[in-house]
$ cat entry20.pdb   # PDB, C-alpha atoms
ATOM      1  CA  MET A   1    -135.741 133.460  -8.545
ATOM      2  CA  THR A   2    -139.004 132.074  -9.923
ATOM      3  CA  VAL A   3    -142.366 133.677 -10.663
ATOM      4  CA  GLU A   4    -145.437 131.489 -10.309
ATOM      5  CA  ASP A   5    -149.016 131.729  -9.055
ATOM      6  CA  SER A   6    -148.811 135.544  -8.817
ATOM      7  CA  GLN A   7    -145.830 135.477  -6.498
ATOM      8  CA  ILE A   8    -142.060 135.762  -6.644
ATOM      9  CA  LYS A   9    -139.968 133.085  -4.932
ATOM     10  CA  LEU A  10    -136.408 133.804  -3.866
ATOM     11  CA  SER A  11    -134.449 130.833  -2.521
ATOM     12  CA  GLY A  12    -130.962 130.725  -1.088
ATOM     13  CA  ASN A  13    -128.860 131.249   2.010
ATOM     14  CA  ILE A  14    -128.894 134.272   4.274
ATOM     15  CA  GLU A  15    -125.901 135.053   6.471
ATOM     16  CA  ILE A  16    -126.794 136.479   9.857
ATOM     17  CA  ASN A  17    -123.963 138.406  11.438
ATOM     18  CA  ARG A  18    -125.351 140.374  14.356
ATOM     19  CA  GLU A  19    -124.452 141.237  17.915
ATOM     20  CA  TRP A  20    -126.586 142.383  20.811
ATOM     21  CA  ASN A  21    -125.836 142.569  24.533
ATOM     22  CA  ASP A  22    -122.399 140.967  23.967
ATOM     23  CA  VAL A  23    -123.985 137.990  22.183
ATOM     24  CA  ARG A  24    -122.859 137.466  18.569
ATOM     25  CA  LEU A  25    -124.471 135.311  15.896
ATOM     26  CA  ASN A  26    -122.691 134.401  12.682
ATOM     27  CA  LYS A  27    -124.578 131.665  10.875
ATOM     28  CA  ASP A  28    -126.125 130.828   7.508
ATOM     29  CA  TYR A  29    -129.763 129.835   7.077
ATOM     30  CA  SER A  30    -131.459 128.342   4.027
ATOM     31  CA  ILE A  31    -134.683 130.217   3.331
ATOM     32  CA  THR A  32    -137.306 130.899   0.690
ATOM     33  CA  ILE A  33    -138.826 134.365   0.498
ATOM     34  CA  ILE A  34    -142.318 134.627  -0.985
ATOM     35  CA  ILE A  35    -143.298 138.043  -2.377
ATOM     36  CA  PRO A  36    -146.966 138.237  -3.450
ATOM     37  CA  ILE A  37    -147.592 140.182  -6.666
ATOM     38  CA  GLU A  38    -150.532 142.573  -6.935
ATOM     39  CA  SER A  39    -151.729 141.605  -3.495
ATOM     40  CA  ASN A  40    -152.047 143.320  -0.125
ATOM     41  CA  GLN A  41    -150.325 140.367   1.530
ATOM     42  CA  VAL A  42    -146.901 140.961   3.033
ATOM     43  CA  PRO A  43    -143.765 139.033   2.019
ATOM     44  CA  TYR A  44    -143.060 136.011   4.160
ATOM     45  CA  VAL A  45    -140.230 133.588   4.810
ATOM     46  CA  ILE A  46    -140.084 129.784   4.736
ATOM     47  CA  ASP A  47    -137.503 127.864   6.767
ATOM     48  CA  ALA A  48    -136.327 125.880   3.719
ATOM     49  CA  GLY A  49    -133.461 124.242   5.583
ATOM     50  CA  ASN A  50    -135.572 123.175   8.565
ATOM     51  CA  GLN A  51    -133.082 124.880  10.858
ATOM     52  CA  ILE A  52    -135.735 126.269  13.189
ATOM     53  CA  ASP A  53    -136.972 123.718  15.712
ATOM     54  CA  SER A  54    -140.540 122.665  14.901
ATOM     55  CA  SER A  55    -141.498 123.233  18.553
ATOM     56  CA  TYR A  56    -140.431 126.882  18.424
ATOM     57  CA  PRO A  57    -143.608 128.935  18.979
ATOM     58  CA  HIS A  58    -142.882 131.374  16.142
ATOM     59  CA  ARG A  59    -142.454 128.764  13.403
ATOM     60  CA  TYR A  60    -145.625 127.597  11.685
ATOM     61  CA  LYS A  61    -146.236 123.957  10.810
ATOM     62  CA  ASP A  62    -145.650 124.678   7.107
ATOM     63  CA  GLY A  63    -142.225 126.129   7.869
ATOM     64  CA  GLY A  64    -143.352 129.749   7.681
ATOM     65  CA  LEU A  65    -141.796 132.194  10.125
ATOM     66  CA  CYS A  66    -143.870 134.518  12.295
ATOM     67  CA  LEU A  67    -141.943 137.770  11.969
ATOM     68  CA  GLU A  68    -144.553 140.229  13.287
ATOM     69  CA  ILE A  69    -148.278 140.865  12.886
ATOM     70  CA  ASP A  70    -149.118 141.798   9.283
ATOM     71  CA  THR A  71    -150.499 145.233  10.165
ATOM     72  CA  VAL A  72    -147.156 146.417  11.524
ATOM     73  CA  ILE A  73    -145.275 145.285   8.411
ATOM     74  CA  LYS A  74    -147.901 146.678   6.015
ATOM     75  CA  LEU A  75    -147.728 150.094   7.657
ATOM     76  CA  LYS A  76    -143.931 150.038   7.511
ATOM     77  CA  PHE A  77    -144.011 149.290   3.770
ATOM     78  CA  LEU A  78    -146.591 152.018   3.191
ATOM     79  CA  ASN A  79    -144.285 154.419   5.025
ATOM     80  CA  GLY A  80    -141.419 153.600   2.690
ATOM     81  CA  MET A  81    -139.694 150.529   4.133
ATOM     82  CA  THR A  82    -137.691 148.672   1.458
ATOM     83  CA  LEU A  83    -137.257 144.917   1.115
ATOM     84  CA  SER A  84    -133.663 145.321   2.284
ATOM     85  CA  GLU A  85    -134.848 147.092   5.416
ATOM     86  CA  TRP A  86    -137.483 144.395   5.938
ATOM     87  CA  MET A  87    -134.756 141.754   5.730
ATOM     88  CA  LEU A  88    -132.581 143.633   8.209
ATOM     89  CA  ASN A  89    -135.250 144.623  10.718
ATOM     90  CA  TYR A  90    -137.498 141.557  10.651
ATOM     91  CA  VAL A  91    -135.865 138.542   9.004
ATOM     92  CA  GLU A  92    -132.386 138.901  10.480
ATOM     93  CA  THR A  93    -133.851 139.903  13.844
ATOM     94  CA  TYR A  94    -136.026 136.769  13.798
ATOM     95  CA  PHE A  95    -133.041 134.429  13.443
ATOM     96  CA  PHE A  96    -131.012 136.281  16.059
ATOM     97  CA  SER A  97    -133.947 136.117  18.479
ATOM     98  CA  TYR A  98    -134.347 132.399  17.826
ATOM     99  CA  GLU A  99    -130.715 131.605  18.574
ATOM    100  CA  TYR A 100    -130.721 133.866  21.622
ATOM    101  CA  PHE A 101    -133.861 132.143  22.894
ATOM    102  CA  LYS A 102    -132.267 128.713  22.400
ATOM    103  CA  ARG A 103    -129.254 129.753  24.472
ATOM    104  CA  TYR A 104    -130.895 131.732  27.250
ATOM    105  CA  GLY A 105    -134.609 130.879  27.251
ATOM    106  CA  VAL A 106    -135.722 134.505  26.846
ATOM    107  CA  PHE A 107    -136.516 136.697  23.859
ATOM    108  CA  PRO A 108    -133.998 139.536  23.520
ATOM    109  CA  PHE A 109    -136.452 142.033  22.008
ATOM    110  CA  GLY A 110    -139.691 140.883  23.611
ATOM    111  CA  GLU A 111    -142.320 138.529  22.214
ATOM    112  CA  ARG A 112    -145.584 139.132  20.391
ATOM    113  CA  ALA A 113    -148.425 136.669  21.023
ATOM    114  CA  HIS A 114    -150.183 135.045  18.067
ATOM    115  CA  GLY A 115    -153.757 135.518  16.896
ATOM    116  CA  ILE A 116    -156.138 138.055  18.343
ATOM    117  CA  ILE A 117    -154.132 138.350  21.570
ATOM    118  CA  GLY A 118    -151.177 139.591  19.546
ATOM    119  CA  LEU A 119    -153.419 142.057  17.731
ATOM    120  CA  LEU A 120    -154.867 143.352  20.987
ATOM    121  CA  ASP A 121    -151.383 143.617  22.483
ATOM    122  CA  TYR A 122    -150.255 145.679  19.499
ATOM    123  CA  TYR A 123    -153.223 148.040  19.595
ATOM    124  CA  GLY A 124    -152.875 148.289  23.361
ATOM    125  CA  GLU A 125    -149.335 149.570  22.845
ATOM    126  CA  LYS A 126    -150.516 152.098  20.262
ATOM    127  CA  LEU A 127    -153.421 153.238  22.446
ATOM    128  CA  ASN A 128    -151.427 153.259  25.708
ATOM    129  CA  GLU A 129    -153.651 150.632  27.311
ATOM    130  CA  THR A 130    -152.600 147.350  28.951
ATOM    131  CA  ASP A 131    -156.057 145.892  29.568
ATOM    132  CA  LEU A 132    -157.159 143.850  26.516
ATOM    133  CA  THR A 133    -160.873 144.409  27.113
ATOM    134  CA  LYS A 134    -160.385 148.165  27.312
ATOM    135  CA  THR A 135    -158.227 148.029  24.198
ATOM    136  CA  TYR A 136    -161.043 146.265  22.360
ATOM    137  CA  CYS A 137    -163.512 148.946  23.507
ATOM    138  CA  LEU A 138    -161.188 151.689  22.260
ATOM    139  CA  MET A 139    -160.778 149.941  18.907
ATOM    140  CA  ARG A 140    -164.520 149.539  18.526
ATOM    141  CA  TYR A 141    -165.072 153.214  19.299
ATOM    142  CA  ILE A 142    -162.536 154.252  16.669
ATOM    143  CA  ALA A 143    -164.038 151.947  14.046
ATOM    144  CA  THR A 144    -167.681 152.881  14.612
ATOM    145  CA  LYS A 145    -167.919 156.441  15.959
ATOM    146  CA  PRO A 146    -166.656 159.925  15.111
ATOM    147  CA  TYR A 147    -164.125 161.450  17.475
ATOM    148  CA  ARG A 148    -165.768 163.510  20.220
ATOM    149  CA  GLY A 149    -163.326 164.690  22.860
ATOM    150  CA  HIS A 150    -166.067 165.656  25.307
ATOM    151  CA  PHE A 151    -167.578 162.156  25.282
ATOM    152  CA  LYS A 152    -166.709 159.713  28.055
ATOM    153  CA  CYS A 153    -163.673 157.613  27.214
ATOM    154  CA  PRO A 154    -164.674 154.127  26.014
ATOM    155  CA  CYS A 155    -162.137 152.594  28.396
ATOM    156  CA  GLY A 156    -164.621 153.168  31.220
ATOM    157  CA  SER A 157    -162.527 155.613  33.239
ATOM    158  CA  GLN A 158    -165.435 158.115  33.357
ATOM    159  CA  LYS A 159    -163.023 160.806  32.138
ATOM    160  CA  HIS A 160    -163.603 162.805  28.993
ATOM    161  CA  LEU A 161    -161.939 161.143  26.023
ATOM    162  CA  ARG A 162    -159.660 164.147  25.459
ATOM    163  CA  ASP A 163    -158.418 163.836  29.061
ATOM    164  CA  CYS A 164    -157.848 160.091  28.864
ATOM    165  CA  HIS A 165    -156.944 158.127  25.703
ATOM    166  CA  GLY A 166    -157.850 160.975  23.379
ATOM    167  CA  LYS A 167    -154.461 161.760  21.870
ATOM    168  CA  TYR A 168    -153.890 158.083  21.061
ATOM    169  CA  VAL A 169    -157.389 157.593  19.650
ATOM    170  CA  ILE A 170    -157.392 160.701  17.467
ATOM    171  CA  ALA A 171    -154.161 159.601  15.807
ATOM    172  CA  TYR A 172    -156.152 156.902  13.998
ATOM    173  CA  TYR A 173    -158.661 159.406  12.610
ATOM    174  CA  ASN A 174    -155.712 161.366  11.218
ATOM    175  CA  ASN A 175    -154.042 158.373   9.521
ATOM    176  CA  PHE A 176    -156.203 156.755   6.848
ATOM    177  CA  ASP A 177    -154.102 153.602   6.413
ATOM    178  CA  ALA A 178    -153.806 152.913  10.144
ATOM    179  CA  TYR A 179    -157.548 153.551  10.525
ATOM    180  CA  GLU A 180    -158.441 151.097   7.756
ATOM    181  CA  PHE A 181    -156.133 148.408   9.139
ATOM    182  CA  LEU A 182    -157.624 148.860  12.597
ATOM    183  CA  LYS A 183    -161.107 148.268  11.185
ATOM    184  CA  GLN A 184    -159.926 145.144   9.378
ATOM    185  CA  ASP A 185    -158.192 143.817  12.485
ATOM    186  CA  LEU A 186    -161.239 144.566  14.613
ATOM    187  CA  SER A 187    -163.385 142.542  12.195
ATOM    188  CA  LEU A 188    -160.951 139.628  12.516
ATOM    189  CA  ILE A 189    -161.016 139.858  16.313
ATOM    190  CA  GLU A 190    -164.815 139.930  16.407
ATOM    191  CA  TYR A 191    -165.141 137.055  13.927
ATOM    192  CA  THR A 192    -162.703 134.951  15.987
ATOM    193  CA  LEU A 193    -164.607 135.705  19.191
ATOM    194  CA  TYR A 194    -167.872 134.806  17.434
ATOM    195  CA  LYS A 195    -166.462 131.409  16.392
ATOM    196  CA  VAL A 196    -165.240 130.769  19.943
ATOM    197  CA  ARG A 197    -168.674 131.574  21.368
ATOM    198  CA  LYS A 198    -170.408 129.384  18.801
ATOM    199  CA  GLY A 199    -168.062 126.534  19.649
ATOM    200  CA  LYS A 200    -169.098 126.713  23.302
ATOM    201  CA  GLU A 201    -172.848 126.538  22.580
TER     202      GLU A 201
END
$ encode --input "entry20.pdb" --output "C-alpha coordinates"
Amino acid sequence: MTVEDSQIKLSGNIEINREWNDVRLNKDYSITIIIPIESNQVPYVIDAGNQIDSSYPHRYKDGGLCLEIDTVIKLKFLNGMTLSEWMLNYVETYFFSYEYFKRYGVFPFGERAHGIIGLLDYYGEKLNETDLTKTYCLMRYIATKPYRGHFKCPCGSQKHLRDCHGKYVIAYYNNFDAYEFLKQDLSLIEYTLYKVRKGKE
(Lines of atoms letter the chains of each structure in order from A and count residues from 1; the text may use other names and numbers.)
(Lines give C-alpha, C1' and ligand atoms only; values in the text may rest on other atoms or scores of the structure.)
Protein backbone atom coordinates (compact mmCIF):
# COMPACT_ATOMS: atom_id res chain seq x y z
CA MET A 1 0.00 0.00 0.00
CA THR A 2 1.23 3.50 -0.85
CA VAL A 3 -0.18 6.95 -0.15
CA GLU A 4 0.57 9.67 -2.68
CA ASP A 5 -1.15 12.62 -4.34
CA SER A 6 -4.08 12.45 -1.88
CA GLN A 7 -4.90 8.87 -2.73
CA ILE A 8 -4.23 5.37 -1.44
CA LYS A 9 -2.92 2.76 -3.87
CA LEU A 10 -3.40 -0.93 -3.17
CA SER A 11 -1.66 -3.31 -5.58
CA GLY A 12 -1.77 -7.08 -5.72
CA ASN A 13 -3.71 -10.08 -6.94
CA ILE A 14 -7.40 -10.73 -6.48
CA GLU A 15 -8.77 -14.27 -6.67
CA ILE A 16 -12.18 -14.52 -8.28
CA ASN A 17 -14.03 -17.67 -7.32
CA ARG A 18 -17.64 -17.29 -8.37
CA GLU A 19 -20.38 -19.31 -10.01
CA TRP A 20 -23.52 -18.24 -11.80
CA ASN A 21 -25.89 -20.19 -14.04
CA ASP A 22 -23.63 -23.28 -13.82
CA VAL A 23 -20.62 -21.27 -15.02
CA ARG A 24 -17.68 -21.13 -12.58
CA LEU A 25 -14.71 -18.77 -12.62
CA ASN A 26 -11.60 -19.39 -10.54
CA LYS A 27 -8.82 -17.08 -11.64
CA ASP A 28 -6.36 -14.52 -10.29
CA TYR A 29 -6.11 -10.97 -11.63
CA SER A 30 -3.40 -8.39 -10.98
CA ILE A 31 -5.01 -5.07 -10.09
CA THR A 32 -4.36 -1.70 -8.51
CA ILE A 33 -7.11 -0.11 -6.44
CA ILE A 34 -7.08 3.68 -6.17
CA ILE A 35 -8.91 5.17 -3.17
CA PRO A 36 -9.13 8.99 -3.27
CA ILE A 37 -8.63 10.71 0.09
CA GLU A 38 -10.84 13.63 1.11
CA SER A 39 -12.58 13.58 -2.23
CA ASN A 40 -16.07 12.79 -3.49
CA GLN A 41 -14.59 10.53 -6.16
CA VAL A 42 -15.29 6.82 -5.89
CA PRO A 43 -12.56 4.16 -5.66
CA TYR A 44 -11.56 2.69 -8.98
CA VAL A 45 -9.60 -0.26 -10.31
CA ILE A 46 -6.71 -0.47 -12.79
CA ASP A 47 -6.06 -3.63 -14.80
CA ALA A 48 -2.39 -3.77 -13.72
CA GLY A 49 -1.79 -7.14 -15.35
CA ASN A 50 -3.35 -6.18 -18.68
CA GLN A 51 -5.56 -9.25 -18.46
CA ILE A 52 -8.64 -7.50 -19.83
CA ASP A 53 -8.63 -7.25 -23.62
CA SER A 54 -8.07 -3.65 -24.72
CA SER A 55 -11.03 -3.96 -27.10
CA TYR A 56 -13.42 -4.82 -24.27
CA PRO A 57 -15.96 -1.96 -24.11
CA HIS A 58 -15.79 -1.62 -20.32
CA ARG A 59 -12.01 -1.18 -20.08
CA TYR A 60 -10.71 2.35 -20.52
CA LYS A 61 -7.58 3.12 -22.53
CA ASP A 62 -5.62 3.84 -19.34
CA GLY A 63 -6.47 0.39 -17.98
CA GLY A 64 -9.25 1.62 -15.71
CA LEU A 65 -12.30 -0.60 -15.33
CA CYS A 66 -15.84 0.68 -15.81
CA LEU A 67 -17.63 -0.94 -12.89
CA GLU A 68 -20.84 1.15 -12.83
CA ILE A 69 -21.82 4.81 -13.11
CA ASP A 70 -20.38 6.83 -10.22
CA THR A 71 -23.76 7.93 -8.88
CA VAL A 72 -24.82 4.36 -8.13
CA ILE A 73 -21.59 3.60 -6.25
CA LYS A 74 -21.63 6.92 -4.36
CA LEU A 75 -25.17 6.29 -3.14
CA LYS A 76 -24.24 2.77 -2.07
CA PHE A 77 -21.31 4.08 -0.02
CA LEU A 78 -23.49 6.77 1.54
CA ASN A 79 -25.96 4.05 2.50
CA GLY A 80 -23.26 2.11 4.32
CA MET A 81 -21.56 -0.08 1.71
CA THR A 82 -18.06 -1.11 2.84
CA LEU A 83 -14.97 -1.51 0.66
CA SER A 84 -15.27 -5.27 1.08
CA GLU A 85 -18.84 -5.16 -0.20
CA TRP A 86 -17.73 -2.93 -3.08
CA MET A 87 -15.08 -5.50 -3.99
CA LEU A 88 -17.61 -8.33 -3.86
CA ASN A 89 -20.50 -6.63 -5.63
CA TYR A 90 -18.66 -4.58 -8.25
CA VAL A 91 -15.04 -5.64 -8.71
CA GLU A 92 -15.53 -9.40 -8.56
CA THR A 93 -18.73 -9.13 -10.59
CA TYR A 94 -16.84 -7.15 -13.25
CA PHE A 95 -14.26 -9.90 -13.79
CA PHE A 96 -16.89 -12.64 -13.81
CA SER A 97 -18.93 -10.69 -16.37
CA TYR A 98 -15.85 -10.20 -18.53
CA GLU A 99 -14.99 -13.89 -18.62
CA TYR A 100 -18.61 -14.85 -19.20
CA PHE A 101 -18.81 -12.37 -22.07
CA LYS A 102 -15.63 -13.79 -23.62
CA ARG A 103 -17.10 -17.30 -23.54
CA TYR A 104 -20.69 -16.63 -24.56
CA GLY A 105 -20.83 -13.16 -26.12
CA VAL A 106 -23.48 -11.88 -23.69
CA PHE A 107 -23.34 -10.07 -20.37
CA PRO A 108 -24.70 -12.25 -17.55
CA PHE A 109 -26.08 -9.36 -15.48
CA GLY A 110 -26.94 -6.88 -18.22
CA GLU A 111 -24.85 -4.00 -19.54
CA ARG A 112 -24.80 -0.30 -18.74
CA ALA A 113 -23.98 2.10 -21.59
CA HIS A 114 -21.25 4.70 -21.11
CA GLY A 115 -21.59 8.47 -20.93
CA ILE A 116 -24.88 10.30 -20.85
CA ILE A 117 -26.76 7.33 -22.35
CA GLY A 118 -25.76 5.26 -19.33
CA LEU A 119 -26.88 8.05 -17.01
CA LEU A 120 -30.23 8.36 -18.77
CA ASP A 121 -30.66 4.58 -18.70
CA TYR A 122 -30.03 4.58 -14.95
CA TYR A 123 -32.45 7.40 -14.21
CA GLY A 124 -34.98 5.82 -16.55
CA GLU A 125 -34.86 2.69 -14.39
CA LYS A 126 -35.32 4.74 -11.22
CA LEU A 127 -38.16 6.77 -12.73
CA ASN A 128 -39.86 3.80 -14.44
CA GLU A 129 -39.41 5.28 -17.90
CA THR A 130 -37.82 3.65 -20.97
CA ASP A 131 -37.86 6.66 -23.29
CA LEU A 132 -34.62 8.67 -22.86
CA THR A 133 -36.19 11.98 -23.88
CA LYS A 134 -38.99 11.56 -21.35
CA THR A 135 -36.44 10.57 -18.72
CA TYR A 136 -34.54 13.79 -19.39
CA CYS A 137 -37.77 15.80 -19.03
CA LEU A 138 -38.51 14.10 -15.71
CA MET A 139 -34.99 14.80 -14.46
CA ARG A 140 -35.22 18.44 -15.46
CA TYR A 141 -38.55 18.80 -13.67
CA ILE A 142 -37.10 17.32 -10.48
CA ALA A 143 -34.02 19.55 -10.62
CA THR A 144 -35.83 22.82 -11.35
CA LYS A 145 -39.38 22.69 -9.95
CA PRO A 146 -41.14 21.87 -6.68
CA TYR A 147 -43.26 18.74 -6.61
CA ARG A 148 -46.88 19.42 -7.55
CA GLY A 149 -48.94 16.27 -7.93
CA HIS A 150 -51.79 18.05 -9.69
CA PHE A 151 -49.51 19.39 -12.43
CA LYS A 152 -49.30 17.57 -15.76
CA CYS A 153 -46.58 14.94 -15.79
CA PRO A 154 -43.45 16.19 -17.58
CA CYS A 155 -43.32 12.96 -19.58
CA GLY A 156 -46.07 14.37 -21.80
CA SER A 157 -48.73 11.78 -20.99
CA GLN A 158 -51.26 14.55 -20.15
CA LYS A 159 -51.96 12.76 -16.86
CA HIS A 160 -51.54 14.42 -13.50
CA LEU A 161 -48.06 13.80 -12.13
CA ARG A 162 -49.45 11.93 -9.11
CA ASP A 163 -51.27 9.54 -11.47
CA CYS A 164 -48.26 8.97 -13.71
CA HIS A 165 -44.59 9.12 -12.62
CA GLY A 166 -45.39 10.84 -9.33
CA LYS A 167 -44.30 8.17 -6.87
CA TYR A 168 -40.95 7.81 -8.63
CA VAL A 169 -40.41 11.56 -8.92
CA ILE A 170 -41.30 12.38 -5.32
CA ALA A 171 -38.75 9.87 -4.06
CA TYR A 172 -36.01 12.28 -5.16
CA TYR A 173 -37.49 15.17 -3.18
CA ASN A 174 -37.43 12.92 -0.12
CA ASN A 175 -33.79 11.83 -0.52
CA PHE A 176 -31.33 14.72 -0.34
CA ASP A 177 -28.28 12.81 -1.61
CA ALA A 178 -30.11 11.26 -4.57
CA TYR A 179 -31.60 14.67 -5.39
CA GLU A 180 -28.20 16.37 -5.38
CA PHE A 181 -26.62 13.66 -7.53
CA LEU A 182 -29.48 13.92 -10.00
CA LYS A 183 -28.86 17.65 -10.35
CA GLN A 184 -25.15 17.07 -10.90
CA ASP A 185 -25.81 14.35 -13.48
CA LEU A 186 -28.36 16.53 -15.25
CA SER A 187 -25.76 19.31 -15.51
CA LEU A 188 -23.31 16.83 -17.05
CA ILE A 189 -25.93 15.62 -19.53
CA GLU A 190 -26.83 19.17 -20.56
CA TYR A 191 -23.18 20.23 -20.87
CA THR A 192 -22.44 17.19 -23.06
CA LEU A 193 -25.45 17.92 -25.27
CA TYR A 194 -24.34 21.56 -25.53
CA LYS A 195 -20.87 20.49 -26.73
CA VAL A 196 -22.42 18.13 -29.28
CA ARG A 197 -24.64 20.91 -30.63
CA LYS A 198 -21.74 23.35 -30.80
CA GLY A 199 -19.69 20.77 -32.68
CA LYS A 200 -22.38 20.53 -35.36
CA GLU A 201 -22.57 24.30 -35.97
$ residues_around --input "entry20.pdb" --residues "region 124-127 of chain A" --least-positions-apart "6" --cutoff "7 Å" --atoms "all atoms listed in the file" --output "list in words"
Thr135, His165, Tyr168 and Val169 of chain A
$ atom_distance --input "entry20.pdb" --atom1 "CA of Tyr29 (chain A)" --atom2 "CA of Glu4 (chain A)"
23.5 Å
$ resolve_selection --input "entry20.pdb" --expression "the PyMOL selection byres ((chain A and resi 16) around 6)" --output "PyMOL selection string"
chain A and resi 15+17+26-27
$ residues_around --input "entry20.pdb" --residues "Tyr122 (chain A)" --least-positions-apart "6" --cutoff "12 Å" --atoms "only C-alpha atoms" --output "PyMOL selection string"
chain A and resi 68-72+111-116+128-132+135-136+139+182+185
$ axis_aligned_box --input "entry20.pdb" --around "region 19-26 of chain A" --padding-each-side "3 Å" --output "AutoDock Vina command-line options"
--center_x -124.5 --center_y 138.5 --center_z 18.6 --size_x 10.2 --size_y 14.2 --size_z 17.9
$ closest_residue --input "entry20.pdb" --among "A:Ile14, A:Ile52, A:Ile170, A:Ala178" --to "Leu65 (chain A)" --atoms "all atoms listed in the file"
A:Ile52
$ residues_around --input "entry20.pdb" --residues "Leu188 (chain A)" --least-positions-apart "4" --cutoff "12 Å" --atoms "only C-alpha atoms" --output "list in words"
Gly115, Ile116, Ile117, Leu119, Leu120, Tyr136, Phe181, Leu182, Lys183, Gln184, Thr192, Leu193, Tyr194 and Lys195 of chain A
$ residues_near_point --input "entry20.pdb" --point "(-164.5, 148.2, 25.9)" --cutoff "8 Å" --atoms "only C-alpha atoms" --output "list in words"
Thr133, Lys134, Thr135, Tyr136, Cys137, Leu138, Arg140, Pro154, Cys155 and Gly156 of chain A
$ write_last_selection --input "entry20.pdb" --atoms "C-alpha atoms" --output "mmCIF file, keeping the file's coordinate frame"
data_model
loop_
_atom_site.group_PDB
_atom_site.id
_atom_site.type_symbol
_atom_site.label_atom_id
_atom_site.label_comp_id
_atom_site.auth_asym_id
_atom_site.auth_seq_id
_atom_site.Cartn_x
_atom_site.Cartn_y
_atom_site.Cartn_z
ATOM 1 C CA THR A 133 -160.873 144.409 27.113
ATOM 2 C CA LYS A 134 -160.385 148.165 27.312
ATOM 3 C CA THR A 135 -158.227 148.029 24.198
ATOM 4 C CA TYR A 136 -161.043 146.265 22.360
ATOM 5 C CA CYS A 137 -163.512 148.946 23.507
ATOM 6 C CA LEU A 138 -161.188 151.689 22.260
ATOM 7 C CA ARG A 140 -164.520 149.539 18.526
ATOM 8 C CA PRO A 154 -164.674 154.127 26.014
ATOM 9 C CA CYS A 155 -162.137 152.594 28.396
ATOM 10 C CA GLY A 156 -164.621 153.168 31.220
#
$ closest_residue --input "entry20.pdb" --among "A:Tyr172, A:Tyr94, A:Tyr44, A:Tyr123" --to "Lys145 (chain A)" --atoms "all atoms listed in the file"
A:Tyr172
$ resolve_selection --input "entry20.pdb" --expression "the PyMOL selection byres ((chain A and resi 59) around 12)" --output "PDB file with C-alpha atoms, in the frame of the given file"
ATOM      1  CA  TYR A  44    -143.060 136.011   4.160  1.00  0.00           C
ATOM      2  CA  VAL A  45    -140.230 133.588   4.810  1.00  0.00           C
ATOM      3  CA  ILE A  46    -140.084 129.784   4.736  1.00  0.00           C
ATOM      4  CA  ASP A  47    -137.503 127.864   6.767  1.00  0.00           C
ATOM      5  CA  ALA A  48    -136.327 125.880   3.719  1.00  0.00           C
ATOM      6  CA  ASN A  50    -135.572 123.175   8.565  1.00  0.00           C
ATOM      7  CA  GLN A  51    -133.082 124.880  10.858  1.00  0.00           C
ATOM      8  CA  ILE A  52    -135.735 126.269  13.189  1.00  0.00           C
ATOM      9  CA  ASP A  53    -136.972 123.718  15.712  1.00  0.00           C
ATOM     10  CA  SER A  54    -140.540 122.665  14.901  1.00  0.00           C
ATOM     11  CA  SER A  55    -141.498 123.233  18.553  1.00  0.00           C
ATOM     12  CA  TYR A  56    -140.431 126.882  18.424  1.00  0.00           C
ATOM     13  CA  PRO A  57    -143.608 128.935  18.979  1.00  0.00           C
ATOM     14  CA  HIS A  58    -142.882 131.374  16.142  1.00  0.00           C
ATOM     15  CA  TYR A  60    -145.625 127.597  11.685  1.00  0.00           C
ATOM     16  CA  LYS A  61    -146.236 123.957  10.810  1.00  0.00           C
ATOM     17  CA  ASP A  62    -145.650 124.678   7.107  1.00  0.00           C
ATOM     18  CA  GLY A  63    -142.225 126.129   7.869  1.00  0.00           C
ATOM     19  CA  GLY A  64    -143.352 129.749   7.681  1.00  0.00           C
ATOM     20  CA  LEU A  65    -141.796 132.194  10.125  1.00  0.00           C
ATOM     21  CA  CYS A  66    -143.870 134.518  12.295  1.00  0.00           C
ATOM     22  CA  LEU A  67    -141.943 137.770  11.969  1.00  0.00           C
ATOM     23  CA  GLU A  68    -144.553 140.229  13.287  1.00  0.00           C
ATOM     24  CA  TYR A  94    -136.026 136.769  13.798  1.00  0.00           C
ATOM     25  CA  PHE A  95    -133.041 134.429  13.443  1.00  0.00           C
ATOM     26  CA  TYR A  98    -134.347 132.399  17.826  1.00  0.00           C
ATOM     27  CA  HIS A 114    -150.183 135.045  18.067  1.00  0.00           C
TER      28      HIS A 114
END
